[in-house]
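So this one's my_file-v7.cif, mmCIF, N, CA and C atoms:
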data_structure
loop_
_atom_site.label_atom_id
_atom_site.label_comp_id
_atom_site.auth_asym_id
_atom_site.auth_seq_id
_atom_site.Cartn_x
_atom_site.Cartn_y
_atom_site.Cartn_z
N MET A 1 0.83 -1.18 0.00
CA MET A 1 0.00 0.00 0.00
C MET A 1 0.87 1.25 0.00
N LEU A 2 1.97 1.21 0.73
CA LEU A 2 2.86 2.37 0.76
C LEU A 2 3.40 2.68 -0.63
N GLN A 3 3.81 1.66 -1.36
CA GLN A 3 4.34 1.88 -2.71
C GLN A 3 3.29 2.48 -3.63
N GLU A 4 2.05 2.04 -3.49
CA GLU A 4 0.96 2.55 -4.31
C GLU A 4 0.84 4.07 -4.20
N TYR A 5 1.08 4.61 -3.02
CA TYR A 5 0.98 6.04 -2.78
C TYR A 5 2.34 6.74 -2.76
N ARG A 6 3.35 6.03 -3.22
CA ARG A 6 4.72 6.56 -3.29
C ARG A 6 5.23 7.00 -1.92
N LEU A 7 4.94 6.18 -0.94
CA LEU A 7 5.44 6.41 0.42
C LEU A 7 6.48 5.34 0.71
N SER A 8 7.42 5.65 1.56
CA SER A 8 8.51 4.73 1.86
C SER A 8 8.31 4.03 3.20
N ALA A 9 8.62 2.75 3.22
CA ALA A 9 8.64 2.01 4.48
C ALA A 9 9.85 2.48 5.28
N ASP A 10 9.75 2.40 6.58
CA ASP A 10 10.83 2.84 7.47
C ASP A 10 10.94 1.83 8.61
N PRO A 11 11.46 0.61 8.29
CA PRO A 11 11.48 -0.46 9.31
C PRO A 11 12.33 -0.15 10.54
N ALA A 12 13.29 0.72 10.42
CA ALA A 12 14.16 1.02 11.56
C ALA A 12 13.53 2.00 12.54
N ASN A 13 12.54 2.79 12.08
CA ASN A 13 11.95 3.81 12.96
C ASN A 13 10.43 3.76 12.95
N THR A 14 9.82 4.42 11.98
CA THR A 14 8.36 4.56 11.92
C THR A 14 7.64 3.21 11.94
N ASP A 15 8.21 2.22 11.29
CA ASP A 15 7.56 0.92 11.20
C ASP A 15 8.16 -0.14 12.12
N SER A 16 9.01 0.28 13.04
CA SER A 16 9.65 -0.69 13.94
C SER A 16 8.64 -1.40 14.84
N ASP A 17 7.46 -0.79 15.04
CA ASP A 17 6.44 -1.44 15.86
C ASP A 17 5.93 -2.73 15.23
N LEU A 18 6.16 -2.91 13.93
CA LEU A 18 5.71 -4.13 13.26
C LEU A 18 6.68 -5.29 13.42
N GLN A 19 7.85 -5.04 14.00
CA GLN A 19 8.80 -6.12 14.25
C GLN A 19 8.24 -7.12 15.27
N ASP A 20 7.50 -6.60 16.24
CA ASP A 20 6.87 -7.44 17.26
C ASP A 20 5.54 -6.80 17.64
N VAL A 21 4.49 -7.16 16.91
CA VAL A 21 3.18 -6.53 17.08
C VAL A 21 2.63 -6.78 18.49
N LEU A 22 2.81 -7.98 19.01
CA LEU A 22 2.31 -8.27 20.36
C LEU A 22 2.95 -7.36 21.39
N ALA A 23 4.26 -7.23 21.35
CA ALA A 23 4.96 -6.38 22.32
C ALA A 23 4.62 -4.91 22.11
N SER A 24 4.53 -4.48 20.86
CA SER A 24 4.30 -3.07 20.56
C SER A 24 2.88 -2.61 20.85
N TYR A 25 1.93 -3.49 20.69
CA TYR A 25 0.52 -3.12 20.84
C TYR A 25 -0.13 -3.81 22.04
N VAL A 26 -0.31 -5.10 21.97
CA VAL A 26 -1.09 -5.85 22.95
C VAL A 26 -0.48 -5.77 24.35
N ASP A 27 0.81 -6.05 24.46
CA ASP A 27 1.45 -6.06 25.78
C ASP A 27 1.48 -4.69 26.44
N ARG A 28 1.29 -3.64 25.66
CA ARG A 28 1.31 -2.27 26.18
C ARG A 28 -0.09 -1.74 26.45
N GLY A 29 -1.13 -2.55 26.20
CA GLY A 29 -2.49 -2.11 26.46
C GLY A 29 -3.25 -1.67 25.23
N GLY A 30 -2.74 -1.96 24.05
CA GLY A 30 -3.41 -1.60 22.81
C GLY A 30 -3.94 -2.84 22.10
N VAL A 31 -4.28 -2.66 20.85
CA VAL A 31 -4.78 -3.78 20.03
C VAL A 31 -4.24 -3.62 18.62
N PHE A 32 -4.18 -4.73 17.91
CA PHE A 32 -3.83 -4.72 16.49
C PHE A 32 -4.75 -5.71 15.80
N ARG A 33 -5.43 -5.23 14.77
CA ARG A 33 -6.41 -6.06 14.06
C ARG A 33 -5.96 -6.26 12.61
N VAL A 34 -6.27 -7.44 12.07
CA VAL A 34 -6.03 -7.71 10.66
C VAL A 34 -7.32 -8.21 10.02
N LEU A 35 -7.50 -7.86 8.76
CA LEU A 35 -8.62 -8.34 7.96
C LEU A 35 -8.07 -9.37 6.99
N VAL A 36 -8.66 -10.55 7.02
CA VAL A 36 -8.20 -11.65 6.18
C VAL A 36 -9.31 -12.02 5.21
N ASP A 37 -8.95 -12.21 3.94
CA ASP A 37 -9.97 -12.60 2.95
C ASP A 37 -10.22 -14.11 3.00
N GLU A 38 -11.10 -14.58 2.13
CA GLU A 38 -11.48 -16.00 2.11
C GLU A 38 -10.30 -16.94 1.86
N ALA A 39 -9.29 -16.44 1.17
CA ALA A 39 -8.11 -17.26 0.86
C ALA A 39 -7.09 -17.25 1.99
N GLY A 40 -7.36 -16.47 3.05
CA GLY A 40 -6.43 -16.40 4.17
C GLY A 40 -5.36 -15.34 4.01
N THR A 41 -5.51 -14.46 3.03
CA THR A 41 -4.54 -13.40 2.79
C THR A 41 -4.92 -12.16 3.59
N VAL A 42 -3.95 -11.56 4.24
CA VAL A 42 -4.19 -10.32 4.96
C VAL A 42 -4.43 -9.21 3.93
N VAL A 43 -5.59 -8.56 4.01
CA VAL A 43 -5.94 -7.49 3.07
C VAL A 43 -6.12 -6.13 3.75
N GLY A 44 -6.00 -6.11 5.07
CA GLY A 44 -6.12 -4.85 5.79
C GLY A 44 -5.66 -5.00 7.22
N CYS A 45 -5.36 -3.86 7.85
CA CYS A 45 -4.92 -3.90 9.24
C CYS A 45 -5.04 -2.53 9.87
N GLY A 46 -4.89 -2.50 11.16
CA GLY A 46 -4.86 -1.25 11.90
C GLY A 46 -4.66 -1.52 13.38
N GLY A 47 -4.01 -0.59 14.05
CA GLY A 47 -3.73 -0.79 15.46
C GLY A 47 -4.03 0.42 16.31
N LEU A 48 -4.21 0.17 17.58
CA LEU A 48 -4.38 1.20 18.60
C LEU A 48 -3.15 1.10 19.49
N TYR A 49 -2.28 2.10 19.39
CA TYR A 49 -0.99 2.11 20.05
C TYR A 49 -1.03 3.04 21.26
N PRO A 50 -0.83 2.51 22.46
CA PRO A 50 -0.87 3.34 23.66
C PRO A 50 0.25 4.37 23.71
N LEU A 51 -0.09 5.58 24.09
CA LEU A 51 0.87 6.66 24.32
C LEU A 51 0.79 7.04 25.80
N ALA A 52 1.37 8.15 26.16
CA ALA A 52 1.33 8.62 27.54
C ALA A 52 0.09 9.49 27.78
N ASN A 53 -0.19 9.76 29.03
CA ASN A 53 -1.21 10.73 29.45
C ASN A 53 -2.60 10.45 28.91
N GLY A 54 -3.01 9.19 28.88
CA GLY A 54 -4.36 8.85 28.47
C GLY A 54 -4.62 8.95 26.98
N GLU A 55 -3.56 8.95 26.18
CA GLU A 55 -3.72 9.01 24.73
C GLU A 55 -3.33 7.69 24.09
N ALA A 56 -3.96 7.41 22.97
CA ALA A 56 -3.59 6.28 22.13
C ALA A 56 -3.54 6.78 20.69
N GLU A 57 -2.82 6.06 19.86
CA GLU A 57 -2.65 6.47 18.46
C GLU A 57 -3.15 5.38 17.53
N ILE A 58 -3.91 5.76 16.52
CA ILE A 58 -4.27 4.84 15.44
C ILE A 58 -3.05 4.75 14.55
N ARG A 59 -2.59 3.53 14.33
CA ARG A 59 -1.41 3.31 13.49
C ARG A 59 -1.67 2.19 12.50
N LYS A 60 -0.94 2.26 11.42
CA LYS A 60 -0.88 1.19 10.42
C LYS A 60 -2.25 0.78 9.90
N MET A 61 -3.12 1.73 9.69
CA MET A 61 -4.44 1.43 9.15
C MET A 61 -4.35 1.46 7.63
N TYR A 62 -4.25 0.28 7.04
CA TYR A 62 -4.06 0.12 5.60
C TYR A 62 -4.98 -0.96 5.08
N PHE A 63 -5.40 -0.80 3.83
CA PHE A 63 -6.18 -1.82 3.14
C PHE A 63 -5.69 -1.95 1.71
N LEU A 64 -5.60 -3.18 1.23
CA LEU A 64 -5.27 -3.39 -0.18
C LEU A 64 -6.42 -2.89 -1.05
N PRO A 65 -6.14 -2.54 -2.30
CA PRO A 65 -7.18 -1.96 -3.16
C PRO A 65 -8.48 -2.77 -3.23
N ASP A 66 -8.41 -4.08 -3.33
CA ASP A 66 -9.62 -4.90 -3.44
C ASP A 66 -10.48 -4.87 -2.18
N ALA A 67 -9.91 -4.48 -1.05
CA ALA A 67 -10.66 -4.44 0.21
C ALA A 67 -11.24 -3.06 0.49
N ARG A 68 -10.90 -2.08 -0.33
CA ARG A 68 -11.37 -0.71 -0.09
C ARG A 68 -12.78 -0.51 -0.63
N GLY A 69 -13.46 0.49 -0.05
CA GLY A 69 -14.79 0.86 -0.52
C GLY A 69 -15.89 -0.10 -0.12
N LYS A 70 -15.61 -0.97 0.84
CA LYS A 70 -16.58 -1.98 1.28
C LYS A 70 -16.99 -1.80 2.74
N GLY A 71 -16.59 -0.68 3.33
CA GLY A 71 -16.95 -0.40 4.72
C GLY A 71 -15.99 -0.98 5.75
N HIS A 72 -14.94 -1.66 5.30
CA HIS A 72 -14.00 -2.26 6.25
C HIS A 72 -13.27 -1.20 7.06
N GLY A 73 -12.89 -0.11 6.43
CA GLY A 73 -12.18 0.95 7.14
C GLY A 73 -13.03 1.56 8.25
N ARG A 74 -14.29 1.83 7.96
CA ARG A 74 -15.20 2.38 8.97
C ARG A 74 -15.37 1.40 10.13
N ARG A 75 -15.58 0.13 9.80
CA ARG A 75 -15.77 -0.87 10.86
C ARG A 75 -14.52 -1.01 11.72
N LEU A 76 -13.35 -1.03 11.08
CA LEU A 76 -12.13 -1.15 11.85
C LEU A 76 -11.89 0.09 12.71
N LEU A 77 -12.10 1.27 12.14
CA LEU A 77 -11.92 2.49 12.91
C LEU A 77 -12.88 2.51 14.10
N ASP A 78 -14.12 2.14 13.89
CA ASP A 78 -15.10 2.08 14.99
C ASP A 78 -14.65 1.09 16.06
N GLN A 79 -14.14 -0.06 15.64
CA GLN A 79 -13.65 -1.06 16.62
C GLN A 79 -12.50 -0.48 17.44
N LEU A 80 -11.56 0.16 16.77
CA LEU A 80 -10.41 0.72 17.48
C LEU A 80 -10.83 1.83 18.43
N LEU A 81 -11.77 2.67 18.02
CA LEU A 81 -12.24 3.73 18.91
C LEU A 81 -13.01 3.16 20.09
N ASN A 82 -13.80 2.12 19.87
CA ASN A 82 -14.51 1.46 20.98
C ASN A 82 -13.52 0.84 21.95
N GLU A 83 -12.45 0.24 21.42
CA GLU A 83 -11.40 -0.33 22.29
C GLU A 83 -10.74 0.78 23.10
N ALA A 84 -10.49 1.92 22.47
CA ALA A 84 -9.86 3.04 23.18
C ALA A 84 -10.74 3.50 24.34
N LYS A 85 -12.03 3.62 24.08
CA LYS A 85 -12.96 4.02 25.14
C LYS A 85 -12.99 2.99 26.26
N ALA A 86 -13.08 1.72 25.89
CA ALA A 86 -13.16 0.64 26.88
C ALA A 86 -11.90 0.57 27.74
N ARG A 87 -10.78 0.97 27.17
CA ARG A 87 -9.51 0.93 27.90
C ARG A 87 -9.23 2.23 28.64
N GLY A 88 -10.15 3.17 28.55
CA GLY A 88 -10.05 4.40 29.33
C GLY A 88 -9.21 5.51 28.72
N TYR A 89 -8.88 5.40 27.45
CA TYR A 89 -8.14 6.48 26.82
C TYR A 89 -9.05 7.70 26.67
N ARG A 90 -8.51 8.88 26.86
CA ARG A 90 -9.30 10.11 26.76
C ARG A 90 -9.20 10.76 25.39
N ARG A 91 -8.17 10.38 24.64
CA ARG A 91 -7.93 11.01 23.34
C ARG A 91 -7.24 10.01 22.42
N VAL A 92 -7.63 10.06 21.13
CA VAL A 92 -6.99 9.23 20.12
C VAL A 92 -6.42 10.18 19.06
N VAL A 93 -5.18 9.95 18.69
CA VAL A 93 -4.51 10.76 17.69
C VAL A 93 -4.08 9.86 16.53
N LEU A 94 -3.74 10.49 15.43
CA LEU A 94 -3.19 9.75 14.29
C LEU A 94 -2.42 10.70 13.40
N GLU A 95 -1.53 10.14 12.62
CA GLU A 95 -0.78 10.88 11.62
C GLU A 95 -1.08 10.27 10.27
N THR A 96 -1.06 11.09 9.22
CA THR A 96 -1.33 10.59 7.89
C THR A 96 -0.63 11.47 6.86
N ALA A 97 -0.70 11.04 5.61
CA ALA A 97 -0.11 11.80 4.51
C ALA A 97 -1.23 12.39 3.65
N SER A 98 -1.02 13.58 3.14
CA SER A 98 -2.08 14.28 2.41
C SER A 98 -2.58 13.52 1.18
N GLN A 99 -1.77 12.65 0.59
CA GLN A 99 -2.24 11.89 -0.57
C GLN A 99 -3.23 10.78 -0.21
N LEU A 100 -3.41 10.48 1.05
CA LEU A 100 -4.36 9.45 1.49
C LEU A 100 -5.73 10.10 1.72
N LYS A 101 -6.28 10.65 0.67
CA LYS A 101 -7.51 11.45 0.75
C LYS A 101 -8.70 10.67 1.30
N GLU A 102 -8.84 9.41 0.90
CA GLU A 102 -9.97 8.61 1.38
C GLU A 102 -9.85 8.36 2.88
N ALA A 103 -8.64 8.10 3.34
CA ALA A 103 -8.42 7.87 4.77
C ALA A 103 -8.73 9.15 5.56
N ILE A 104 -8.27 10.28 5.05
CA ILE A 104 -8.52 11.56 5.73
C ILE A 104 -10.02 11.83 5.81
N ALA A 105 -10.74 11.55 4.72
CA ALA A 105 -12.20 11.74 4.74
C ALA A 105 -12.83 10.83 5.79
N LEU A 106 -12.36 9.60 5.91
CA LEU A 106 -12.88 8.67 6.92
C LEU A 106 -12.62 9.22 8.32
N TYR A 107 -11.42 9.67 8.58
CA TYR A 107 -11.09 10.18 9.91
C TYR A 107 -11.93 11.42 10.25
N ARG A 108 -12.07 12.32 9.30
CA ARG A 108 -12.88 13.52 9.53
C ARG A 108 -14.34 13.15 9.79
N SER A 109 -14.86 12.17 9.04
CA SER A 109 -16.26 11.77 9.23
C SER A 109 -16.49 11.14 10.60
N ALA A 110 -15.43 10.63 11.22
CA ALA A 110 -15.53 10.05 12.56
C ALA A 110 -15.34 11.10 13.65
N GLY A 111 -15.08 12.34 13.26
CA GLY A 111 -14.95 13.41 14.24
C GLY A 111 -13.53 13.87 14.51
N PHE A 112 -12.54 13.28 13.86
CA PHE A 112 -11.16 13.71 14.06
C PHE A 112 -10.98 15.12 13.53
N LYS A 113 -10.19 15.91 14.27
CA LYS A 113 -9.90 17.30 13.90
C LYS A 113 -8.38 17.45 13.73
N PRO A 114 -7.97 18.29 12.77
CA PRO A 114 -6.53 18.54 12.61
C PRO A 114 -5.95 19.16 13.88
N TYR A 115 -4.71 18.82 14.16
CA TYR A 115 -4.01 19.47 15.27
C TYR A 115 -2.51 19.47 14.97
N GLN A 116 -1.81 20.37 15.65
CA GLN A 116 -0.36 20.47 15.48
C GLN A 116 0.32 19.47 16.39
N ARG A 117 1.14 18.66 15.81
CA ARG A 117 1.91 17.68 16.58
C ARG A 117 3.37 18.11 16.51
N GLU A 118 4.06 17.96 17.61
CA GLU A 118 5.45 18.41 17.69
C GLU A 118 6.33 17.74 16.65
N HIS A 119 6.15 16.45 16.46
CA HIS A 119 6.97 15.70 15.51
C HIS A 119 6.07 14.75 14.74
N LEU A 120 6.25 14.68 13.43
CA LEU A 120 5.49 13.75 12.59
C LEU A 120 6.41 12.67 12.05
N ALA A 121 5.85 11.49 11.83
CA ALA A 121 6.61 10.41 11.21
C ALA A 121 7.10 10.85 9.84
N CYS A 122 8.14 10.21 9.36
CA CYS A 122 8.82 10.65 8.13
C CYS A 122 7.91 10.75 6.92
N ARG A 123 6.89 9.94 6.81
CA ARG A 123 6.04 9.98 5.61
C ARG A 123 4.72 10.72 5.84
N CYS A 124 4.56 11.32 6.99
CA CYS A 124 3.29 11.99 7.32
C CYS A 124 3.46 13.51 7.31
N ASP A 125 2.40 14.19 6.89
CA ASP A 125 2.43 15.65 6.90
C ASP A 125 1.20 16.25 7.59
N GLN A 126 0.39 15.40 8.22
CA GLN A 126 -0.80 15.87 8.92
C GLN A 126 -1.02 15.03 10.17
N ALA A 127 -1.64 15.67 11.16
CA ALA A 127 -2.02 14.95 12.38
C ALA A 127 -3.46 15.31 12.72
N PHE A 128 -4.18 14.34 13.29
CA PHE A 128 -5.58 14.52 13.68
C PHE A 128 -5.76 13.98 15.09
N ALA A 129 -6.76 14.51 15.79
CA ALA A 129 -7.06 14.06 17.15
C ALA A 129 -8.58 13.99 17.35
N LEU A 130 -8.98 13.07 18.20
CA LEU A 130 -10.36 12.92 18.59
C LEU A 130 -10.43 12.80 20.10
N GLU A 131 -11.17 13.71 20.72
CA GLU A 131 -11.37 13.67 22.17
C GLU A 131 -12.45 12.65 22.46
N LEU A 132 -12.18 11.71 23.35
CA LEU A 132 -13.15 10.68 23.69
C LEU A 132 -13.96 11.04 24.93
N THR A 133 -13.42 11.95 25.74
CA THR A 133 -14.13 12.38 26.95
C THR A 133 -14.15 13.90 26.96
N LYS A 134 -15.14 14.45 27.60
CA LYS A 134 -15.24 15.91 27.72
C LYS A 134 -14.82 16.35 29.08
#

Represent the structure of the file as structure tokens.
Amino acid sequence: MLQEYRLSADPANTDSDLQDVLASYVDRGGVFRVLVDEAGTVVGCGGLYPLANGEAEIRKMYFLPDARGKGHGRRLLDQLLNEAKARGYRRVVLETASQLKEAIALYRSAGFKPYQREHLACRCDQAFALELTK
């Protein structure tokens, strides 16, 4: 998916959380979900990565072209936000790249608002946040 949008993988930094998904997500109080098609091929994924101060981050939310436009992204995002609420997170943040227009539209439709983040991952140029509690 990264190649499709001319984005670069960064296994040493931005994508290092994928080296050990259980340790990076589950063992820290987050979740990581995958969507598998009938043939057993992973066609989508996304994770809820715990941060400090009651925040969690949506990370690695990707779908292969054949899995897009079928509501999988909305369902996965809703699942991740429900998990964040159930785990007591007060805010969910995410970073994305401006060329991922469909993803940005999905995040905005879920209530995410742009915000300034001190540091963005190497392939991201935007950040969004959603307050879960008032």

Expansion of the PyMOL selection byres ((chain A and resi 69-84) around 8) into residues, as a count of residues only: 27

Taking the backbone alone, and naming residues the way the document does, which bits of segment 46-93 of chain A are helix (DSSP H, G or I) by DSSP, as a ChimeraX atom specification? /A:65-67,72-86

Residues of segment 57-131 of chain A in strand (DSSP E), written as a PyMOL selection string: chain A and resi 57-63+91-96+113-114+126-131

Using the chain letters and numbers from the file, which residues does the PyMOL selection byres ((chain A and resi 114) around 8) grab, as a PyMOL selection string? chain A and resi 108+111-113+115-117+126-130

In Å, how far is it from atom C of Ser24 of chain A to atom N of Tyr49 of chain A? 7.1 Å

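Picture a line from atom N of Ser98 of chain A to atom C of Glu118 of chain A; it runs 15.9 Å.
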
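Between atom N of Asn53 of chain A and atom N of Gly29 of chain A the separation is 12.7 Å.
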
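Distances to Val26 of chain A were evaluated for A:Val43, A:Glu57, A:Pro50, A:Ala103 using all atoms listed in the file, and the minimum falls at A:Pro50.
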
Among listed residues A:Val21, A:Cys124, A:Tyr107, A:Glu55, nearest Val93 of chain A (using all atoms listed in the file): A:Glu55
